[in-house]
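Accompanying notes for the structure given below.
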Amino acid sequence: MAFGKLTILGEGSAFGEVELTKPTTSIGRQPGNDIVLNTSAVSRYHAQFDVAEGNVFLVDLGTVNGTFVNDRQIEPNSRHPLTDGDVIMMGDVQLIFHIPTTHFRSIDIEASLAPSMTVFEDPRVPMSLVVDDPQQPVAPGSHAQLVMVIQNRGKDDYVFTVETGGMDSEWVKSNRREVHLEPNEQTEVMFSIRPPRNITTRPGLYPLTIRVTIKSDPGQYIEATREIEIAGFAGIAMAAHEGKRAGHYHLAIQNQGNMSIGLCLEGYQREKLLHYKFSSSRLHLEPGQTAQVELGVRSAKRRPFGRARQVNFAIVARSLDKAGYQAPLLARYTIMPSWPAWLAGLSLPLILVGGLATLILIAGLIFTGVLPLAFLEPAGTESAALTVTTTPTWTPALIPSPTVIPTPVVSIIEFRAQPAEAGFGMIGNVVFSWQVESPSDVAEYALLSSITGQELPIAPENWSTGRLVVPLGWLVSEFGWDRHEYTLTIAGTDHVERSSTTAVAIRPVICTLGDNAEIFPLPATDAKPTSVVLVEPPQIAVGGRTSDGQWLQVWSIAEHQELGWVPVSQVSCPSAVTVENFVIVEAIPVMMPEP
């Protein structure tokens with residue numbers, strides 16, 4: 001199956017013809033590309049041809065000399081659609097793009113069929129095929145239908161056989177395997193596509209081929225190719241059971257979807273009565289993979305007395321992709337008083353005994369004359385006995401003076417961070433802004449990370465404007481990717497503190513490495529670094545790029561640590577993300593090979 005063909009010319013001679021048979025075809029002078037051009041005018045990893053949505057796209061990989069289509073330079077790192085006969089220039093090499101020999105064109109057909117169809121025909125074969133264009137991805141477990149119309153364009157009766165390929169035969173069923181048609185007669189054949197909903201059904205584009213052959217002459221056939229997109233689906237299963245120790249739980253988490261996923265484990269309880277500690281709060285699971293995690297739960301606040309209380313809480317597995325879906329699992333924890341029950345039962349008798357002893361002591365002091373009876377009289381009254389007796393030389397001050405609680409002279413009206421969510425390794429800033437009542441009376445102020453306790457410097461000019469701009473790259477280098485919480489604390493001349501907290505969620509942009517990707521780590525010594533080839537590359541996050549945009553610093557999503565440096569051509573990120581979106585990281589490998 002060919003999506004297109006290239007005629008390659010250079011220095012007046014033809015290099016040859018190459019068919020595009022893969023969803024992505026790389027081209028450059030570096031051995032290992034799908035198409036190798038042995039000329040110094042072409043970059044090592046110059047461009048790639050992508051097949052998607054029924055079209056062939058050309059992508060320039062940020063080369064110095066650029067790539068030209070019909071004498072116009074295309075934009076780097078973006079898809080440029082190709083049409084039949086387009087002339088492509090890469091350095092001193094010329095390429096001419098052709099669509100496959102079996103041509104197709106859009107036509108209008110009967111209203112009873114789907115509104116978007118394609119004709120496949122060959123002047124050497126006395127028939128034509130009209131096939132549906134797939135409209136949307138097929139979700140595993142559901143089904144989609146394609147309609148094909150076969151028309152006999154010959155002068156004789158023919159029996160036509162219908163065969164399919166390119167997908168699992170159990171996924172594709174047709175209602176007819178043979179049809180008999182008279183001249184100019186046509187008929188419909190229905191295809192039902194039903195991929196199973198299990199972990200072995202991998203998402204992506206599948207080339208469904210339909211071959212219709214004249215039964216009496218197998219050499220005469222027409223083959224139609226349609227791209228069927230199988231969608232990915234997510235599925236998480238969790239189970240938990242309590243361990244032998246109170247507050248100890250054993251968790252089992254399984255990926256029941258058909259895509260690899262990164263997960264973050266969290267605990268949730270509405271009243272925030274509990275504290276959670278996972279043995280591993282971040283997981284990366286391949287389809288069907290199961291992970292075992294230990295969870296410790298304890299009360300967030302101590303209660304000396306009271307009854308035991310059972311509270312429900314949720315163990316939440318949250319995906320680390322943009323969807324951010326959550327899978328909760330309900331569990332139960334018993335909050336016990338921190339003091340034993342016998343001590344709580346003994347406290348009431350002790351209080352009663354202490355009160356009775358105090359009364360006996362006061363009565364004894366009055367009886368011996370140490371305390372006058374005036375001590376028991378209400379304030380503002382005078383006793384006749386006191387006018388004829390000598391005032392005691394000592395009067396105990398038994399009534400305490402009230403404590404004055406000062407009113408804070410400053411307060412925080414508003415404190416927030418924008419944006420509330422940012423991408424790891426991306427160019428940008430986080431802006432902290434605040435509004436304070438009576439700012440001139442603020443004597444002390446500080447902005448701290450609630451996670452590490454590290455202080456973010458606020459200059460006087462920042463304080464006067466109520467605004468602090470911090471590069472996103474600095475926050476990531478200091479605190480990594482996760483939910484970051486920051487606390488603003490102020491105090492006035494009365495030294496009474498007021499605080500407010502805001503948060504910034506920093507999420508990695510999930511990218512993938514190509515097959516047999518080479519990673520060049522930063523050397524620990526002055527020795528020349530050696531590359532590492534990953535046969536099954538993991539999902540990665542990009543932490544930055546070199547200033548020339550040829551290399552990317554990649555991080556492991558599962559391990560949450562840097563892997564090394566990879567050429568741009570070996571990394572695939574979401575279409576909305578380009579190399580220019582990533583920050584420039586100055587630290588690059590010693591003696592890194594030329595891209």
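FYI, nothing fancy with the structure tokens labels: chains A, B, ... in order, residues from 1 per chain, ligands from 1 as they appear.
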If DSSP is run on the backbone, what residues of stretch 29-265 of chain A are strand (DSSP E)? A reply as a ChimeraX atom specification would be ideal.
/A:35-36,47-52,55-60,67-69,72-73,79-81,87-90,93-98,104-106,117-121,127-132,144-152,158-165,172-174,178-181,186-193,204-214,217-230,236-242,248-255,261-265
Contact residues around A:Pro134 with only C-alpha atoms at 8 Å, ignoring same-chain residues under 5 positions, as a PyMOL selection string:
chain A and resi 146+226-228
What's the 8 Å shell around A:Asn70, counting only C-alpha atoms, without same-chain residues fewer than 5 positions away, as a list in words?
Asp86, Val87 and Ile88 of chain A
For those residues, write C-alpha atoms to a file as a PDB file, in the first residue's frame.
ATOM      1  CA  ASP A  86       4.463  19.329  -6.271  1.00  0.00           C
ATOM      2  CA  VAL A  87       8.190  20.089  -6.689  1.00  0.00           C
ATOM      3  CA  ILE A  88      10.165  19.935  -3.426  1.00  0.00           C
TER       4      ILE A  88
END
May I have the residues within 7 Å of stretch 215-225 of chain A as a PyMOL selection string, using only C-alpha atoms and disregarding those fewer than 5 positions away in the same chain?
chain A and resi 120-121+125+159-161+207-210
